[in-house]
Amino acid sequence: MSGREGDAGLDRATDEALALVADERRAGPGAVPGSTSDHLSLGSAGFFDFVEDPFEAETAAAPTPARAGTAAADTPGDELDVPFAGVRFYDTMRRSEERDEERQHRHPAIPALPAPAVSTPPADPPMSDATPDATPDAMPQTHPSWAAARRTAAQAARPLAPSVRPLGDALGHLLAVRLTALTDLPSFDTSAMDGWAVAGPGPWRLPKDDAGVLAGRADAGPIGDGEAVRIATGARVPPGATAVLRSEHGTVRLDEELYASRHLTQGQDIRPKGQECRTGDELLPAGTPVTPAVLGLAAAAGYDQLRVVPRPRVEVLVLGDELLREGLPHDGLIRDALGPMLTPWLRALGAEVTATRCLGDDETALRAALEASDADVVVTTGGTAAGPVDHVHPTLRRLGAELLVDGVAVRPGHPMLLARLTPGRHLVGLPGNPLAAVAGLHTLAGPLLRTLAGRPPAEPRRAGLTEAVPGHPTHTRLVPVVLRAGGAHPLRFHGPAMLRGLAAAEALAVVPPGGAERGDAIDLLDLGPVGPVPETGPYPGGGR
């Protein structure tokens, strides 16, 4: 069974085992398992009432690595991502063994069944002498912290080489050089309103054949003191004009004389040449994102093309034979939630997604896709654990890739990885569970894409928790939250395979190892909003 399938396949057994643990803790020592129906309370409005720290009994025990050929692992690092009312991840096999031992103690006449020996297959050879052992038994010792993994991802690459693009193709990229004005703005004195260009104090004489001065026309002749001429917004102000009288503020009498209904000041409603900028002025610094407004300013300042740092090109490979592209789940098949979700999310993170391909659990197809891809970053979903159809690690070894991050001390999402395929090309391997995949996206892909695109690190954001959140003894936790006036509210439905909490969330709360108390200020990973982004092709439909 693959790592992606493991969490879902253990749900029913885990519910029973974890309910037993909660009941025992509430009933106290000596109580009969299952004798109470108490459960953790679920708050209103989708919030979770975190009422106990299920890690309390384990915090004092330091994790020890397991070895090949032993029974189920006894370390927190080997626990499977299985949610208990949204607050705990347990190793079901370990809890089952403890329950058997407890029953043996309480009922000595009924011998406990011996735990079956679990033989661990020999680990694949390391990719290099510097590559740490990536087998599950070594996880507690080899996984970097969440913060260290993000630093590694941010430092794994350099910004892409700048390129020159037409204005129409520059949206979403970053300016590689500062934007300086190629002309004065405006480039001549222009009228800010429809009305009359007037010279001196009124009343003013109008020409008998007053065709007026229109925008985009050649220079109008000069006017003298006491004269006026009709003028349109944006038209060049004729020499000698001292102000523009708005149409609604003037009255023409006898078709020859213009009177003002209010006082005019010198230069009123005239935009003088160079009012906004002079030739050579810096308009925007290098590193500015090219937005629609930036495109407009560049065009006004005389640019036809821009030198930009391009958006990183990303290809998404969705792995898993059990995934459907349409319709309802059936016969052991489930809908693919990651393909439709990751593509726009990657675009919002600054990537140009060139393709989203569904490969299934096919090692040959995965290797061929990686060898053929010319993307700056390949993002895979699923297949990062050590199951029989988890092909990412073996394929990376065969391709000679360099593992930069092989697992992270974070829940959910600890099997995520980052590898360098070739100089300048990287692979981000995301777990197959949806929330775990998003955790990997923001842990590894986000910092890597920012560096490639030349973007600075995101501004840190913090908020106080409205409820205490239990933590893992050694791992960071990423918990979906909504932001209210009182702070960050943790949401229900935040197991690694769940999407309800994520869909309602505004951020992921970064809960440090050991947990956080109510009122504690914690870091936040902003989740959006993911608004309209440039399209490069539809997500592939069809399938089974």
# chains A, B, ... in the order shown; residues from 1 in each chain; ligands from 1
call {"tool": "residues_around", "arguments": {"residues": "Leu254 in chain A", "least_positions_apart": "5", "cutoff": "12 Å", "atoms": "only C-alpha atoms", "output": "list in words"}}
result
Arg205, Leu206, Lys208 and Tyr259 of chain A
call {"tool": "residues_around", "arguments": {"residues": "Pro423 in chain A", "least_positions_apart": "6", "cutoff": "10 Å", "atoms": "only C-alpha atoms", "output": "list of chain:residue names"}}
result
A:Ala157, A:Asp376, A:Ala401, A:Glu402
call {"tool": "closest_residue", "arguments": {"among": "A:Glu256, A:Glu467, A:Asp361, A:Asp281", "to": "Thr180 in chain A", "atoms": "only C-alpha atoms"}}
result
A:Asp281
call {"tool": "residues_around", "arguments": {"residues": "Glu248 in chain A", "least_positions_apart": "3", "cutoff": "9 Å", "atoms": "only C-alpha atoms", "output": "list of chain:residue names"}}
result
A:Gly195, A:Leu245, A:Thr251, A:Ser261
call {"tool": "residues_around", "arguments": {"residues": "Gly440 in chain A", "least_positions_apart": "5", "cutoff": "10 Å", "atoms": "only C-alpha atoms", "output": "list in words"}}
result
Arg150, Thr381, Gly407, Val408, Val410, Arg411, Pro412, Gly413, His414, Pro415, Met416, Leu417, Leu418, Val428, Gly429, Leu430, Pro431, Pro434, Leu435, Ala445 and Gly446 of chain A
call {"tool": "write_last_selection", "arguments": {"atoms": "C-alpha atoms", "output": "PDB file, in the first residue's frame"}}
result
ATOM      1  CA  ARG A 150      12.145  26.380   3.524  1.00  0.00           C
ATOM      2  CA  THR A 381       1.843  14.520  -6.460  1.00  0.00           C
ATOM      3  CA  GLY A 407      11.269  14.599   4.160  1.00  0.00           C
ATOM      4  CA  VAL A 408      10.498  17.482   6.508  1.00  0.00           C
ATOM      5  CA  VAL A 410       6.162  18.912   9.605  1.00  0.00           C
ATOM      6  CA  ARG A 411       2.608  17.550   9.902  1.00  0.00           C
ATOM      7  CA  PRO A 412       0.856  17.077   7.597  1.00  0.00           C
ATOM      8  CA  GLY A 413       3.141  16.569   4.633  1.00  0.00           C
ATOM      9  CA  HIS A 414       6.338  15.124   6.087  1.00  0.00           C
ATOM     10  CA  PRO A 415       7.134  12.895   3.025  1.00  0.00           C
ATOM     11  CA  MET A 416       7.649  15.943   0.771  1.00  0.00           C
ATOM     12  CA  LEU A 417      10.947  16.252  -1.072  1.00  0.00           C
ATOM     13  CA  LEU A 418      13.041  18.593  -3.211  1.00  0.00           C
ATOM     14  CA  VAL A 428       9.235  19.177  -5.879  1.00  0.00           C
ATOM     15  CA  GLY A 429       7.609  15.949  -4.710  1.00  0.00           C
ATOM     16  CA  LEU A 430       4.330  16.523  -2.863  1.00  0.00           C
ATOM     17  CA  PRO A 431       2.462  13.911  -0.800  1.00  0.00           C
ATOM     18  CA  PRO A 434      -4.636  17.157  -0.382  1.00  0.00           C
ATOM     19  CA  LEU A 435      -3.799  19.163   2.755  1.00  0.00           C
ATOM     20  CA  ALA A 445       7.601  25.068  -3.999  1.00  0.00           C
ATOM     21  CA  GLY A 446       6.722  28.570  -2.814  1.00  0.00           C
TER      22      GLY A 446
END
call {"tool": "closest_residue", "arguments": {"among": "A:His263, A:Arg313, A:Arg217, A:Arg477", "to": "Pro512 in chain A", "atoms": "only C-alpha atoms"}}
result
A:Arg477
call {"tool": "residues_around", "arguments": {"residues": "Ala149 in chain A", "least_positions_apart": "4", "cutoff": "7 Å", "atoms": "only C-alpha atoms", "output": "list in words"}}
result
Pro144, Ser145, Ala153, Val405 and Val408 of chain A
call {"tool": "residues_around", "arguments": {"residues": "Val378 in chain A", "least_positions_apart": "4", "cutoff": "7 Å", "atoms": "only C-alpha atoms", "output": "list in words"}}
result
Val314, Glu315, Val316, His426, Leu427 and Val428 of chain A
call {"tool": "select_by_dssp", "arguments": {"residues": "range 256-407 of chain A", "states": "strand (DSSP E)", "output": "MDAnalysis selection string"}}
result
chainID A and resid 257:260 270:271 282:284 305:309 313:318 323:324 334:335 352:358 377:381 402:406
call {"tool": "select_by_dssp", "arguments": {"residues": "range 336-430 of chain A", "states": "alpha helix (DSSP H)", "output": "list of chain:residue names"}}
result
A:Leu338, A:Gly339, A:Pro340, A:Met341, A:Leu342, A:Thr343, A:Pro344, A:Trp345, A:Leu346, A:Arg347, A:Ala348, A:Glu363, A:Thr364, A:Ala365, A:Leu366, A:Arg367, A:Ala368, A:Ala369, A:Leu370, A:Glu371, A:Ala372, A:Val392, A:His393, A:Pro394, A:Thr395, A:Leu396, A:Arg397, A:Arg398
call {"tool": "residues_around", "arguments": {"residues": "Ala488 in chain A", "least_positions_apart": "6", "cutoff": "12 Å", "atoms": "only C-alpha atoms", "output": "ChimeraX atom specification"}}
result
/A:47-48,461-469,479-482,505-511,518-526
call {"tool": "closest_residue", "arguments": {"among": "A:Leu317, A:Leu403, A:Val198, A:Ala439", "to": "Glu227 in chain A", "atoms": "only C-alpha atoms"}}
result
A:Val198
call {"tool": "atom_distance", "arguments": {"atom1": "CA of Val353 in chain A", "atom2": "CA of His173 in chain A"}}
result
13.5 Å
call {"tool": "atom_distance", "arguments": {"atom1": "CA of Leu444 in chain A", "atom2": "CA of Val177 in chain A"}}
result
27.5 Å
